[in-house]
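Have a look at work.tsv below; it lists TSV, C-alpha atoms and all ligand atoms.
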```
chain	number	residue	atom	x	y	z
K	1	MET	CA	9.54	-30.85	-2.50
K	2	PRO	CA	9.92	-29.07	-5.87
K	3	GLU	CA	13.49	-28.19	-6.92
K	4	PHE	CA	14.27	-24.87	-8.57
K	5	THR	CA	17.31	-23.79	-10.54
K	6	ILE	CA	18.46	-20.47	-9.16
K	7	PRO	CA	20.56	-18.22	-11.40
K	8	LYS	CA	23.57	-16.29	-10.07
K	9	THR	CA	22.49	-12.96	-11.52
K	10	GLN	CA	19.24	-11.22	-12.33
K	11	LYS	CA	17.45	-8.08	-13.52
K	12	ALA	CA	16.95	-5.41	-10.84
K	13	ALA	CA	16.01	-1.71	-10.61
K	14	VAL	CA	18.62	-0.12	-8.33
K	15	VAL	CA	18.55	3.38	-6.86
K	16	THR	CA	22.17	4.29	-6.14
K	17	LYS	CA	21.67	7.78	-4.76
K	18	THR	CA	18.84	9.87	-3.33
K	19	GLY	CA	16.99	11.82	-5.99
K	20	GLY	CA	15.21	9.18	-7.99
K	21	SER	CA	17.88	7.99	-10.44
K	22	ILE	CA	17.13	4.34	-11.25
K	23	GLU	CA	19.52	1.99	-12.99
K	24	ILE	CA	18.16	-1.20	-14.55
K	25	LYS	CA	20.90	-3.80	-14.00
K	26	THR	CA	20.92	-7.23	-15.63
K	27	ASP	CA	23.83	-8.62	-13.62
K	28	HIS	CA	22.65	-7.99	-10.07
K	29	PRO	CA	23.62	-10.90	-7.78
K	30	VAL	CA	21.04	-13.41	-6.53
K	31	LYS	CA	21.64	-14.77	-3.01
K	32	ALA	CA	22.38	-18.50	-3.10
K	33	GLN	CA	20.43	-20.87	-0.83
K	34	LYS	CA	23.53	-21.61	1.26
K	35	ASP	CA	23.94	-17.90	1.99
K	36	LEU	CA	20.40	-17.39	3.32
K	37	ALA	CA	20.26	-16.76	7.10
K	38	PRO	CA	17.85	-18.86	9.19
K	39	GLY	CA	14.30	-17.54	8.72
K	40	GLU	CA	15.03	-16.16	5.26
K	41	CYS	CA	13.50	-17.41	2.03
K	42	LEU	CA	14.20	-16.60	-1.61
K	43	VAL	CA	11.16	-15.69	-3.72
K	44	LYS	CA	11.13	-15.69	-7.54
K	45	LEU	CA	8.81	-12.83	-8.34
K	46	ASP	CA	6.12	-12.83	-11.01
K	47	CYS	CA	5.40	-9.13	-10.58
K	48	SER	CA	5.38	-6.14	-8.26
K	49	GLY	CA	3.07	-3.18	-7.87
K	50	ALA	CA	4.60	0.31	-7.77
K	51	CYS	CA	3.41	2.31	-4.76
K	52	HIS	CA	3.77	6.06	-4.22
K	53	THR	CA	5.84	5.15	-1.14
K	54	ASP	CA	8.54	3.81	-3.50
K	55	LEU	CA	8.68	7.24	-5.10
K	56	HIS	CA	8.91	8.98	-1.69
K	57	ALA	CA	11.79	6.57	-0.83
K	58	ALA	CA	13.64	7.14	-4.11
K	59	LEU	CA	13.29	10.92	-3.77
K	60	GLY	CA	14.29	10.88	-0.09
K	61	ASP	CA	11.39	13.20	0.80
K	62	TRP	CA	10.54	11.58	4.16
K	63	PRO	CA	12.01	12.32	7.62
K	64	LEU	CA	13.19	8.67	7.60
K	65	LYS	CA	15.87	7.82	5.06
K	66	ALA	CA	16.06	4.63	3.01
K	67	THR	CA	19.14	2.39	2.97
K	68	LEU	CA	21.26	3.08	-0.15
K	69	PRO	CA	21.91	1.60	-2.66
K	70	LEU	CA	18.32	0.43	-2.68
K	71	ILE	CA	16.05	-1.87	-4.64
K	72	GLY	CA	12.55	-0.52	-3.99
K	73	GLY	CA	9.21	-2.32	-4.15
K	74	HIS	CA	6.90	-3.88	-1.57
K	75	GLU	CA	3.91	-5.26	-3.48
K	76	GLY	CA	5.45	-8.47	-4.83
K	77	VAL	CA	3.99	-11.87	-5.62
K	78	GLY	CA	6.01	-14.95	-6.56
K	79	THR	CA	7.05	-18.46	-5.61
K	80	ILE	CA	9.38	-19.53	-2.80
K	81	VAL	CA	12.34	-21.21	-4.51
K	82	ALA	CA	14.56	-21.69	-1.44
K	83	ILE	CA	14.40	-21.57	2.36
K	84	ALA	CA	17.45	-21.19	4.59
K	85	ASP	CA	18.88	-24.18	6.40
K	86	HIS	CA	18.13	-24.29	10.16
K	87	THR	CA	14.80	-22.47	9.71
K	88	SER	CA	12.54	-23.91	12.37
K	89	LYS	CA	8.75	-24.17	12.15
K	90	SER	CA	8.42	-22.35	8.81
K	91	PRO	CA	4.73	-21.61	8.11
K	92	VAL	CA	5.50	-21.74	4.35
K	93	ASN	CA	7.29	-24.20	2.05
K	94	VAL	CA	9.37	-24.20	-1.11
K	95	GLY	CA	6.93	-24.04	-4.05
K	96	ASP	CA	4.34	-21.90	-2.20
K	97	ARG	CA	3.07	-18.74	-3.85
K	98	VAL	CA	3.47	-15.81	-1.46
K	99	GLY	CA	3.23	-12.06	-1.28
K	100	ILE	CA	5.87	-9.60	-0.04
K	101	LYS	CA	4.48	-6.62	1.85
K	102	TRP	CA	6.10	-3.44	3.23
K	103	LEU	CA	6.71	-5.10	6.60
K	104	ALA	CA	9.26	-7.72	5.59
K	105	ASP	CA	10.04	-8.92	9.11
K	106	SER	CA	9.58	-8.06	12.77
K	107	CYS	CA	10.82	-9.60	16.03
K	108	LEU	CA	7.39	-11.05	16.99
K	109	GLN	CA	8.42	-10.80	20.67
K	110	CYS	CA	8.18	-7.12	21.66
K	111	GLU	CA	5.09	-5.40	23.04
K	112	GLN	CA	4.13	-3.94	19.64
K	113	CYS	CA	4.41	-7.32	17.95
K	114	ARG	CA	2.50	-9.05	20.73
K	115	LYS	CA	-0.31	-6.49	20.42
K	116	GLY	CA	-0.57	-6.93	16.64
K	117	LEU	CA	1.22	-3.66	15.84
K	118	GLU	CA	4.03	-5.58	14.14
K	119	GLN	CA	4.62	-2.69	11.75
K	120	CYS	CA	5.73	-0.55	14.73
K	121	CYS	CA	8.31	-3.10	15.96
K	122	SER	CA	11.63	-1.32	16.61
K	123	GLU	CA	13.41	-4.13	14.74
K	124	ALA	CA	11.07	-4.04	11.74
K	125	LYS	CA	12.66	-4.66	8.33
K	126	LEU	CA	10.91	-2.76	5.53
K	127	SER	CA	10.84	-4.11	1.96
K	128	GLY	CA	12.23	-1.64	-0.51
K	129	PHE	CA	13.30	0.76	2.26
K	130	THR	CA	15.65	-0.84	4.79
K	131	VAL	CA	16.04	-4.15	2.93
K	132	ASP	CA	15.99	-4.73	-0.83
K	133	GLY	CA	12.47	-5.01	-2.17
K	134	THR	CA	10.51	-6.39	-5.09
K	135	PHE	CA	11.78	-4.42	-8.10
K	136	GLN	CA	13.98	-7.41	-8.99
K	137	GLU	CA	13.42	-10.97	-10.15
K	138	TYR	CA	14.55	-12.70	-6.92
K	139	VAL	CA	13.95	-11.17	-3.49
K	140	VAL	CA	15.15	-12.35	-0.10
K	141	SER	CA	12.28	-12.31	2.40
K	142	TYR	CA	11.28	-13.88	5.71
K	143	VAL	CA	9.20	-17.01	6.24
K	144	ASN	CA	7.26	-15.58	9.18
K	145	HIS	CA	6.01	-12.52	7.32
K	146	VAL	CA	5.40	-13.53	3.70
K	147	THR	CA	1.68	-13.77	2.96
K	148	PRO	CA	0.32	-17.00	1.45
K	149	ILE	CA	-1.64	-16.18	-1.72
K	150	PRO	CA	-4.88	-18.16	-2.11
K	151	GLU	CA	-5.45	-20.12	-5.30
K	152	GLY	CA	-7.66	-18.57	-7.93
K	153	ILE	CA	-6.31	-15.02	-7.89
K	154	PRO	CA	-3.62	-14.33	-10.52
K	155	SER	CA	-0.35	-12.87	-9.18
K	156	ASP	CA	-0.74	-9.55	-11.00
K	157	GLU	CA	-4.23	-9.09	-9.55
K	158	ALA	CA	-2.97	-9.91	-6.05
K	159	ALA	CA	0.21	-7.78	-6.01
K	160	SER	CA	-1.19	-4.40	-5.00
K	161	ILE	CA	-3.31	-5.90	-2.26
K	162	LEU	CA	-0.01	-6.46	-0.39
K	163	CYS	CA	0.44	-2.74	0.32
K	164	ALA	CA	-2.38	-0.61	-1.06
K	165	GLY	CA	-5.05	-3.17	-0.21
K	166	VAL	CA	-3.81	-4.11	3.26
K	167	THR	CA	-3.32	-0.46	4.20
K	168	VAL	CA	-6.78	0.78	3.29
K	169	TYR	CA	-8.43	-2.41	4.54
K	170	ARG	CA	-6.97	-1.83	8.03
K	171	ALA	CA	-7.57	1.94	7.97
K	172	ILE	CA	-11.24	1.47	7.13
K	173	LYS	CA	-11.60	-1.38	9.64
K	174	ASN	CA	-10.37	1.02	12.36
K	175	SER	CA	-12.29	4.08	11.13
K	176	GLN	CA	-15.08	3.61	13.69
K	177	THR	CA	-17.72	3.45	10.97
K	178	GLN	CA	-20.65	1.14	10.43
K	179	ALA	CA	-22.80	0.10	7.49
K	180	GLY	CA	-24.75	3.03	6.06
K	181	ASP	CA	-22.23	5.68	7.23
K	182	TRP	CA	-20.73	8.23	4.85
K	183	ILE	CA	-16.98	7.93	4.27
K	184	VAL	CA	-14.97	10.55	2.36
K	185	LEU	CA	-11.94	9.29	0.42
K	186	PRO	CA	-9.56	12.05	-0.74
K	187	GLY	CA	-7.11	10.36	-3.15
K	188	ALA	CA	-9.83	7.94	-4.30
K	189	GLY	CA	-8.55	7.61	-7.88
K	190	GLY	CA	-5.03	6.52	-6.87
K	191	GLY	CA	-3.52	3.15	-5.94
K	192	LEU	CA	-4.72	3.10	-2.32
K	193	GLY	CA	-7.86	5.11	-2.93
K	194	HIS	CA	-9.45	2.97	-5.63
K	195	LEU	CA	-9.12	-0.07	-3.35
K	196	ALA	CA	-10.47	1.96	-0.39
K	197	ILE	CA	-13.68	2.56	-2.36
K	198	GLN	CA	-14.14	-1.18	-2.74
K	199	TYR	CA	-13.23	-2.22	0.83
K	200	ALA	CA	-15.58	0.54	2.05
K	201	ARG	CA	-18.38	-0.89	-0.11
K	202	VAL	CA	-17.70	-4.39	1.26
K	203	ARG	CA	-18.41	-2.91	4.72
K	204	GLY	CA	-21.63	-1.26	3.50
K	205	LEU	CA	-20.32	2.31	3.67
K	206	ARG	CA	-21.49	5.13	1.40
K	207	VAL	CA	-18.51	6.60	-0.44
K	208	ILE	CA	-17.78	10.20	-1.40
K	209	ALA	CA	-14.71	10.02	-3.67
K	210	ILE	CA	-12.44	13.07	-4.01
K	211	ASP	CA	-9.76	13.24	-6.71
K	212	THR	CA	-9.36	14.88	-10.11
K	213	GLY	CA	-9.87	14.25	-13.83
K	214	ALA	CA	-12.34	12.40	-16.03
K	215	GLU	CA	-10.53	9.06	-15.97
K	216	LYS	CA	-10.39	8.88	-12.16
K	217	LYS	CA	-14.00	10.07	-11.92
K	218	GLU	CA	-15.16	7.26	-14.19
K	219	LEU	CA	-13.07	4.69	-12.27
K	220	CYS	CA	-14.33	5.81	-8.84
K	221	LEU	CA	-18.00	5.77	-9.87
K	222	LYS	CA	-17.57	2.39	-11.58
K	223	LEU	CA	-16.05	0.93	-8.41
K	224	GLY	CA	-19.00	1.97	-6.28
K	225	ALA	CA	-18.49	5.57	-5.13
K	226	GLU	CA	-21.91	7.18	-4.72
K	227	LYS	CA	-20.66	10.75	-5.12
K	228	TRP	CA	-17.68	12.39	-6.80
K	229	ILE	CA	-15.94	15.69	-6.04
K	230	ASP	CA	-13.15	16.98	-8.29
K	231	PHE	CA	-10.72	18.78	-5.96
K	232	LYS	CA	-9.43	20.97	-8.79
K	233	GLU	CA	-12.90	22.01	-9.96
K	234	SER	CA	-14.81	22.30	-6.69
K	235	LYS	CA	-15.17	25.85	-5.36
K	236	ASP	CA	-15.87	24.64	-1.84
K	237	ILE	CA	-15.18	21.01	-0.88
K	238	VAL	CA	-16.58	21.44	2.64
K	239	LYS	CA	-19.89	22.75	1.27
K	240	ASP	CA	-20.03	19.94	-1.31
K	241	VAL	CA	-19.65	17.26	1.40
K	242	LEU	CA	-22.16	18.98	3.69
K	243	ASP	CA	-24.67	19.23	0.82
K	244	ILE	CA	-24.30	15.51	0.05
K	245	THR	CA	-24.70	14.50	3.71
K	246	GLY	CA	-27.82	16.50	4.49
K	247	GLY	CA	-25.90	19.39	6.08
K	248	VAL	CA	-24.36	17.39	8.95
K	249	GLY	CA	-21.14	16.07	7.40
K	250	ALA	CA	-19.55	12.67	6.88
K	251	HIS	CA	-18.84	10.07	9.55
K	252	SER	CA	-15.22	9.53	8.50
K	253	ALA	CA	-12.50	10.63	6.11
K	254	VAL	CA	-9.74	8.20	5.19
K	255	VAL	CA	-7.14	10.39	3.49
K	256	THR	CA	-4.84	8.67	1.00
K	257	SER	CA	-3.67	11.67	-1.00
K	258	ALA	CA	0.10	11.88	-1.30
K	259	SER	CA	0.05	15.64	-0.70
K	260	SER	CA	-1.14	17.47	2.40
K	261	SER	CA	-3.93	19.26	0.51
K	262	GLY	CA	-6.21	16.25	0.87
K	263	TYR	CA	-6.20	16.75	4.65
K	264	VAL	CA	-7.02	20.43	4.76
K	265	GLN	CA	-10.81	20.50	4.88
K	266	ALA	CA	-11.45	17.18	6.65
K	267	ILE	CA	-12.22	18.45	10.18
K	268	ASP	CA	-14.70	20.91	8.68
K	269	TYR	CA	-16.68	18.38	6.67
K	270	LEU	CA	-16.83	15.67	9.35
K	271	ARG	CA	-19.95	15.43	11.47
K	272	ALA	CA	-19.75	15.49	15.29
K	273	GLY	CA	-18.21	12.26	16.54
K	274	GLY	CA	-16.48	11.73	13.18
K	275	THR	CA	-13.07	10.20	12.51
K	276	LEU	CA	-10.17	11.53	10.49
K	277	MET	CA	-7.95	8.61	9.49
K	278	ALA	CA	-4.53	9.73	8.22
K	279	VAL	CA	-2.97	7.36	5.67
K	280	GLY	CA	-1.27	9.44	2.93
K	281	LEU	CA	2.32	10.31	3.85
K	282	PRO	CA	3.47	13.74	2.68
K	283	GLY	CA	6.98	13.97	4.18
K	284	THR	CA	7.06	17.26	6.02
K	285	ALA	CA	3.51	18.69	6.15
K	286	LYS	CA	1.78	19.34	9.48
K	287	LEU	CA	-1.84	18.45	10.13
K	288	ASP	CA	-3.49	21.87	10.17
K	289	ALA	CA	-6.79	21.50	11.98
K	290	SER	CA	-8.90	23.69	14.22
K	291	ILE	CA	-8.27	22.51	17.79
K	292	PHE	CA	-11.48	24.21	18.86
K	293	PHE	CA	-13.69	22.30	16.43
K	294	THR	CA	-11.78	19.03	16.92
K	295	VAL	CA	-12.76	19.27	20.61
K	296	PHE	CA	-16.20	20.83	20.15
K	297	LYS	CA	-17.22	18.19	17.58
K	298	SER	CA	-15.53	15.30	19.47
K	299	ILE	CA	-13.48	14.39	16.38
K	300	SER	CA	-11.05	11.45	16.56
K	301	VAL	CA	-7.80	11.97	14.68
K	302	LEU	CA	-6.05	8.65	14.02
K	303	GLY	CA	-3.14	7.37	11.96
K	304	SER	CA	-2.95	3.99	10.26
K	305	TYR	CA	0.25	2.41	8.99
K	306	VAL	CA	0.10	-0.59	6.58
K	307	GLY	CA	-1.08	-3.75	8.39
K	308	ASN	CA	0.03	-6.86	10.25
K	309	ARG	CA	0.13	-10.48	9.04
K	310	GLN	CA	-3.53	-11.00	9.86
K	311	ASP	CA	-4.66	-7.81	8.07
K	312	ALA	CA	-2.76	-9.04	5.00
K	313	ARG	CA	-4.53	-12.40	5.06
K	314	GLU	CA	-7.95	-10.79	5.52
K	315	ALA	CA	-7.38	-8.24	2.74
K	316	ILE	CA	-6.11	-10.84	0.24
K	317	ASP	CA	-8.94	-13.21	1.12
K	318	ILE	CA	-11.56	-10.59	0.23
K	319	ALA	CA	-9.76	-9.94	-3.08
K	320	ALA	CA	-9.41	-13.64	-3.86
K	321	ARG	CA	-13.16	-13.99	-3.46
K	322	GLY	CA	-13.59	-11.31	-6.13
K	323	GLN	CA	-15.08	-8.61	-3.88
K	324	VAL	CA	-12.19	-6.19	-4.47
K	325	LYS	CA	-10.32	-5.89	-7.77
K	326	VAL	CA	-7.11	-4.01	-8.45
K	327	HIS	CA	-7.41	-1.75	-11.50
K	328	PHE	CA	-3.94	-1.84	-13.02
K	329	ALA	CA	-1.82	-1.43	-16.13
K	330	SER	CA	0.90	-4.03	-16.66
K	331	ARG	CA	4.38	-2.71	-17.61
K	332	PRO	CA	7.95	-4.07	-17.77
K	333	LEU	CA	10.38	-3.37	-14.88
K	334	ALA	CA	12.41	-1.14	-17.21
K	335	ASP	CA	9.48	1.35	-17.28
K	336	LEU	CA	9.79	2.17	-13.54
K	337	LYS	CA	11.28	5.63	-14.12
K	338	ASP	CA	8.41	6.52	-16.42
K	339	VAL	CA	5.92	5.16	-13.86
K	340	TYR	CA	7.39	7.53	-11.25
K	341	GLU	CA	6.92	10.44	-13.67
K	342	GLY	CA	3.25	9.47	-14.04
K	343	MET	CA	2.88	9.30	-10.24
K	344	LYS	CA	4.42	12.74	-9.81
K	345	ALA	CA	2.06	14.17	-12.42
K	346	GLY	CA	-0.93	12.37	-10.87
K	347	THR	CA	-1.86	10.73	-14.17
K	348	ILE	CA	-2.06	7.10	-12.99
K	349	ALA	CA	-5.62	5.94	-12.29
K	350	GLY	CA	-5.37	2.90	-9.99
K	351	ARG	CA	-1.99	1.16	-10.10
K	352	VAL	CA	0.89	0.08	-12.34
K	353	VAL	CA	2.07	-3.51	-11.85
K	354	LEU	CA	5.55	-4.39	-13.16
K	355	ASP	CA	5.61	-7.79	-14.84
K	356	MET	CA	9.02	-9.49	-14.44
K	357	SER	CA	8.54	-11.60	-17.57
K	358	LYS	CA	7.95	-8.55	-19.80
K	359	GLN	CA	10.94	-7.09	-21.65
S	1	LIG	O1	0.67	2.71	5.69
S	1	LIG	C1	0.37	3.75	5.14
S	1	LIG	N1	-0.22	4.74	5.81
S	1	LIG	C2	0.64	3.89	3.68
S	1	LIG	C3	0.82	2.75	2.88
S	1	LIG	C4	1.04	2.91	1.51
S	1	LIG	C5	1.10	4.19	0.97
S	1	LIG	C6	0.71	5.15	3.11
S	1	LIG	N2	0.95	5.27	1.79
S	1	LIG	C7	1.02	6.64	1.26
S	1	LIG	C8	1.98	6.86	0.12
S	1	LIG	O2	3.30	6.99	0.59
S	1	LIG	C9	1.42	8.14	-0.46
S	1	LIG	O3	1.82	9.28	0.32
S	1	LIG	O4	-0.26	6.97	0.74
S	1	LIG	C10	-0.09	7.97	-0.26
S	1	LIG	C11	-0.85	7.54	-1.50
S	1	LIG	O5	-0.22	6.41	-2.09
S	1	LIG	P1	-0.73	5.87	-3.52
S	1	LIG	O6	-2.17	5.58	-3.45
S	1	LIG	O7	0.23	4.82	-3.94
S	1	LIG	O8	-0.48	7.18	-4.42
S	1	LIG	P2	-1.17	7.59	-5.82
S	1	LIG	O9	-1.53	6.37	-6.59
S	1	LIG	O10	-0.26	8.60	-6.41
S	1	LIG	O11	-2.55	8.26	-5.36
S	1	LIG	C12	-2.62	9.49	-4.71
S	1	LIG	C13	-3.88	10.19	-5.20
S	1	LIG	O12	-4.09	11.37	-4.42
S	1	LIG	C14	-4.68	12.34	-5.28
S	1	LIG	C15	-3.92	12.15	-6.60
S	1	LIG	O13	-4.64	12.72	-7.70
S	1	LIG	C16	-3.81	10.63	-6.67
S	1	LIG	O14	-4.89	10.05	-7.40
S	1	LIG	N3	-4.66	13.65	-4.63
S	1	LIG	C17	-3.64	14.52	-4.41
S	1	LIG	I1	-1.72	14.22	-4.85
S	1	LIG	N4	-4.03	15.65	-3.80
S	1	LIG	C18	-5.36	15.47	-3.58
S	1	LIG	C19	-6.34	16.27	-2.94
S	1	LIG	N5	-6.06	17.48	-2.47
S	1	LIG	C20	-5.75	14.21	-4.08
S	1	LIG	N6	-7.01	13.75	-3.97
S	1	LIG	C21	-7.92	14.56	-3.33
S	1	LIG	N7	-7.60	15.78	-2.84
S	2	ZN	ZN	3.06	0.91	-0.48
```

Once you've parsed the file, please lay out its structure as structure tokens.
Amino acid sequence: MPEFTIPKTQKAAVVTKTGGSIEIKTDHPVKAQKDLAPGECLVKLDCSGACHTDLHAALGDWPLKATLPLIGGHEGVGTIVAIADHTSKSPVNVGDRVGIKWLADSCLQCEQCRKGLEQCCSEAKLSGFTVDGTFQEYVVSYVNHVTPIPEGIPSDEAASILCAGVTVYRAIKNSQTQAGDWIVLPGAGGGLGHLAIQYARVRGLRVIAIDTGAEKKELCLKLGAEKWIDFKESKDIVKDVLDITGGVGAHSAVVTSASSSGYVQAIDYLRAGGTLMAVGLPGTAKLDASIFFTVFKSISVLGSYVGNRQDAREAIDIAARGQVKVHFASRPLADLKDVYEGMKAGTIAGRVVLDMSKQ
């Protein structure tokens, strides 16, 4: 078994109080192997993606509140450098390269876990929300839930599959669509959305991407969207979708916009029997839809929340085979505050991945 030297302190991005103030510390403690509880492992991270959820958590704009002080981050990839004593039947070993997703751990015994809805386990631990996450060099995680990363995909290319990829992979899988169907993706130019385009294409769906700006337009079309609608320029998004789909509407909308506006027109541009899949998580907005037309058109309204261990393996496998590629800019951890500013302004096309080796 490989041996690793584990330092006592490390670099970490710590949010001490709600409101988004981040402190980059260089003397944050690293948990020693002897202090790990059974089932825990210590992962030395290569990198971590920055998800809009991390910004929601830092700002405290959700009905659920994060544990403070908090180290955010839940799209990490690195190597296991230690596993706790008395950990039985670990599916991973020291030296393995693994990913850390939003769902850090769950009980694996309750009804939700047994049914594969591990993310809804009442004992779920959430990376970067209820337990410290991946915006640090060494993260404590859990052997049962880390995701083995296949060989051949570099860590920085794999990182954002662990949240953005898994989430849209599962949402599209459950969107009740089949090859040849039209799928509308509001938020298509963002972290989740640009991967949704690609997972939709893998399933043979025809993509209508909705977002804004020339850079996101170019990215969406390059990744396989057949049609583009700029939500800031369009005079009538419902009409645009109906025109594209021969007047009858799209089969599904998988909404990944971080604001409620992406949801507004969906019921109106879906065809009868269509599916609205809610993914984007504005903290307080209500879904404002016509009850009459939801019934009259037999629309299914569904929610989809990250994914389980199997979804993670399926999503990373597709990426490792080169069918889905994360479009990302690599930045040092110290740039996190600036990355959040870009997210707020909506100027990040694809993702930012924080590289732990960059100064
Ligand atoms: O499990 C889940 N359901 C899950 C998992 C991970 C993330 C949900 N999320 C949530 C995040 O918390 C966030 O609310 O999904 C949302 C999107 O996350 P993201 O992709 O990481 O955010 P982003 O990169 O900022 O992309 C959002 C895109 O939405 C566009 C923006 O321009 C941006 O490109 N957008 C907005 I804001 N309003 C829009 C609108 N009205 C819109 N696109 C189309 N129409
Ligand atoms: Zn996320």

Between atom C21 of ligand LIG 1 (chain S) and CA of Ala196 (chain K), what is the distance in Å, rounded to a tenth? 13.2 Å

Which residues of chain K come within 7 Å of ligand ZN 2 (chain S), and what is each one's closest atom pair and distance in Å (one decimal), counting all atoms listed in the file, sorted by chain and residue number, as a tab-separated table?
```
residue	atom	partner	partner_atom	distance
K:Cys51	CA	S:ZN2	ZN	4.5
K:His52	CA	S:ZN2	ZN	6.4
K:Thr53	CA	S:ZN2	ZN	5.1
K:Asp54	CA	S:ZN2	ZN	6.9
K:His74	CA	S:ZN2	ZN	6.2
K:Glu75	CA	S:ZN2	ZN	6.9
K:Trp102	CA	S:ZN2	ZN	6.5
K:Cys163	CA	S:ZN2	ZN	4.6
K:Ala164	CA	S:ZN2	ZN	5.7
```

The selected residues should be written to file as a PDB file, in the frame of the given file (atoms: C-alpha atoms).
```
ATOM      1  CA  CYS K  51       3.410   2.310  -4.760  1.00  0.00           C
ATOM      2  CA  HIS K  52       3.770   6.060  -4.220  1.00  0.00           C
ATOM      3  CA  THR K  53       5.840   5.150  -1.140  1.00  0.00           C
ATOM      4  CA  ASP K  54       8.540   3.810  -3.500  1.00  0.00           C
ATOM      5  CA  HIS K  74       6.900  -3.880  -1.570  1.00  0.00           C
ATOM      6  CA  GLU K  75       3.910  -5.260  -3.480  1.00  0.00           C
ATOM      7  CA  TRP K 102       6.100  -3.440   3.230  1.00  0.00           C
ATOM      8  CA  CYS K 163       0.440  -2.740   0.320  1.00  0.00           C
ATOM      9  CA  ALA K 164      -2.380  -0.610  -1.060  1.00  0.00           C
TER      10      ALA K 164
END
```

Using CA of Leu287 (chain K) and CA of Ile244 (chain K) as the two end points, give the distance in Å to one decimal. 24.8 Å

Taking all atoms listed in the file into account, which of K:Val184, K:Ile291, K:Ile316, K:Ala278 comes nearest Ile149 (chain K)?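 Closest to Ile149 (chain K) of all the choices is K:Ile316.
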
Produce as a count of residues only the set of residues near ligand LIG 1 (chain S), where near means within 7 Å with only C-alpha atoms and all ligand atoms considered. 39

Set out as CSV a contact list for region 49-137 of chain K and region 39-42 of chain K with a cut-off of 7 Å, giving each residue of region 49-137 of chain K that qualifies its closest atom pair and distance in Å to one decimal, counting all atoms listed in the file, ordered by chain and rising residue number.
```
residue,atom,partner,partner_atom,distance
K:Ile80,CA,K:Leu42,CA,5.8
K:Val81,CA,K:Leu42,CA,5.8
K:Ala82,CA,K:Leu42,CA,5.1
K:Ile83,CA,K:Cys41,CA,4.3
K:Ala84,CA,K:Glu40,CA,5.6
K:Thr87,CA,K:Gly39,CA,5.1
```

For a quick check of understanding, using only C-alpha atoms, which of K:Val324, K:Ile267, K:Val202, K:Ala319 has the smallest distance to Ser298 (chain K)?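 Checking each of K:Val324, K:Ile267, K:Val202, K:Ala319 against Ser298 (chain K), counting only C-alpha atoms, the winner is K:Ile267.
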
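One distance worth recording is that between CA of Cys110 (chain K) and CA of Pro91 (chain K), which is 20.1 Å.
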
With distances taken over all atoms listed in the file, the candidate from K:Ala253, K:Cys220, K:Cys107, K:Ala124 nearest Thr177 (chain K) is K:Ala253

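When all atoms listed in the file are used to compute distances to Lys286 (chain K), the closest of the residues K:Val207, K:Val264, K:Ser106, K:Tyr269 turns out to be K:Val264.
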
Which is closest to Cys47 (chain K) among K:Leu276, K:Ile100, K:Ile183, K:Leu59, if we use only C-alpha atoms?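 Result for the nearest residue to Cys47 (chain K): K:Ile100.
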
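The shortest atom-to-atom distance to Lys227 (chain K), with all atoms listed in the file taken into account, belongs to K:Ile197 out of K:Gly213, K:Ile197, K:Leu64, K:Thr294.
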
Can you list, as an MDAnalysis selection string, every protein, DNA or RNA residue that comes within 12 Å of region 248-250 of chain K when you count all atoms listed in the file, leaving out same-chain residues fewer than 2 positions away? chainID K and resid 177 180:185 205:209 237:246 252:254 265:276 297 299

Written selection (C-alpha atoms) as a compact mmCIF listing (two decimals), in the frame of the given file:
```txt
# COMPACT_ATOMS: atom_id res chain seq x y z
CA THR K 177 -17.72 3.45 10.97
CA GLY K 180 -24.75 3.03 6.06
CA ASP K 181 -22.23 5.68 7.23
CA TRP K 182 -20.73 8.23 4.85
CA ILE K 183 -16.98 7.93 4.27
CA VAL K 184 -14.97 10.55 2.36
CA LEU K 185 -11.94 9.29 0.42
CA LEU K 205 -20.32 2.31 3.67
CA ARG K 206 -21.49 5.13 1.40
CA VAL K 207 -18.51 6.60 -0.44
CA ILE K 208 -17.78 10.20 -1.40
CA ALA K 209 -14.71 10.02 -3.67
CA ILE K 237 -15.18 21.01 -0.88
CA VAL K 238 -16.58 21.44 2.64
CA LYS K 239 -19.89 22.75 1.27
CA ASP K 240 -20.03 19.94 -1.31
CA VAL K 241 -19.65 17.26 1.40
CA LEU K 242 -22.16 18.98 3.69
CA ASP K 243 -24.67 19.23 0.82
CA ILE K 244 -24.30 15.51 0.05
CA THR K 245 -24.70 14.50 3.71
CA GLY K 246 -27.82 16.50 4.49
CA SER K 252 -15.22 9.53 8.50
CA ALA K 253 -12.50 10.63 6.11
CA VAL K 254 -9.74 8.20 5.19
CA GLN K 265 -10.81 20.50 4.88
CA ALA K 266 -11.45 17.18 6.65
CA ILE K 267 -12.22 18.45 10.18
CA ASP K 268 -14.70 20.91 8.68
CA TYR K 269 -16.68 18.38 6.67
CA LEU K 270 -16.83 15.67 9.35
CA ARG K 271 -19.95 15.43 11.47
CA ALA K 272 -19.75 15.49 15.29
CA GLY K 273 -18.21 12.26 16.54
CA GLY K 274 -16.48 11.73 13.18
CA THR K 275 -13.07 10.20 12.51
CA LEU K 276 -10.17 11.53 10.49
CA LYS K 297 -17.22 18.19 17.58
CA ILE K 299 -13.48 14.39 16.38
```

Selection: 6 Å around region 125-141 of chain K, only C-alpha atoms, excl. self and same-chain fewer than 4 positions, as a count of residues only: 21

Taking all atoms of region 185-204 of chain K that the file lists, what box with edges along x, y and z, padded by 5 Å per side, do you get, with centre and edge lengths in Å to one decimal, as AutoDock Vina command-line options?
```
--center_x -12.6 --center_y 3.8 --center_z -1.6 --size_x 28.1 --size_y 26.4 --size_z 22.6
```
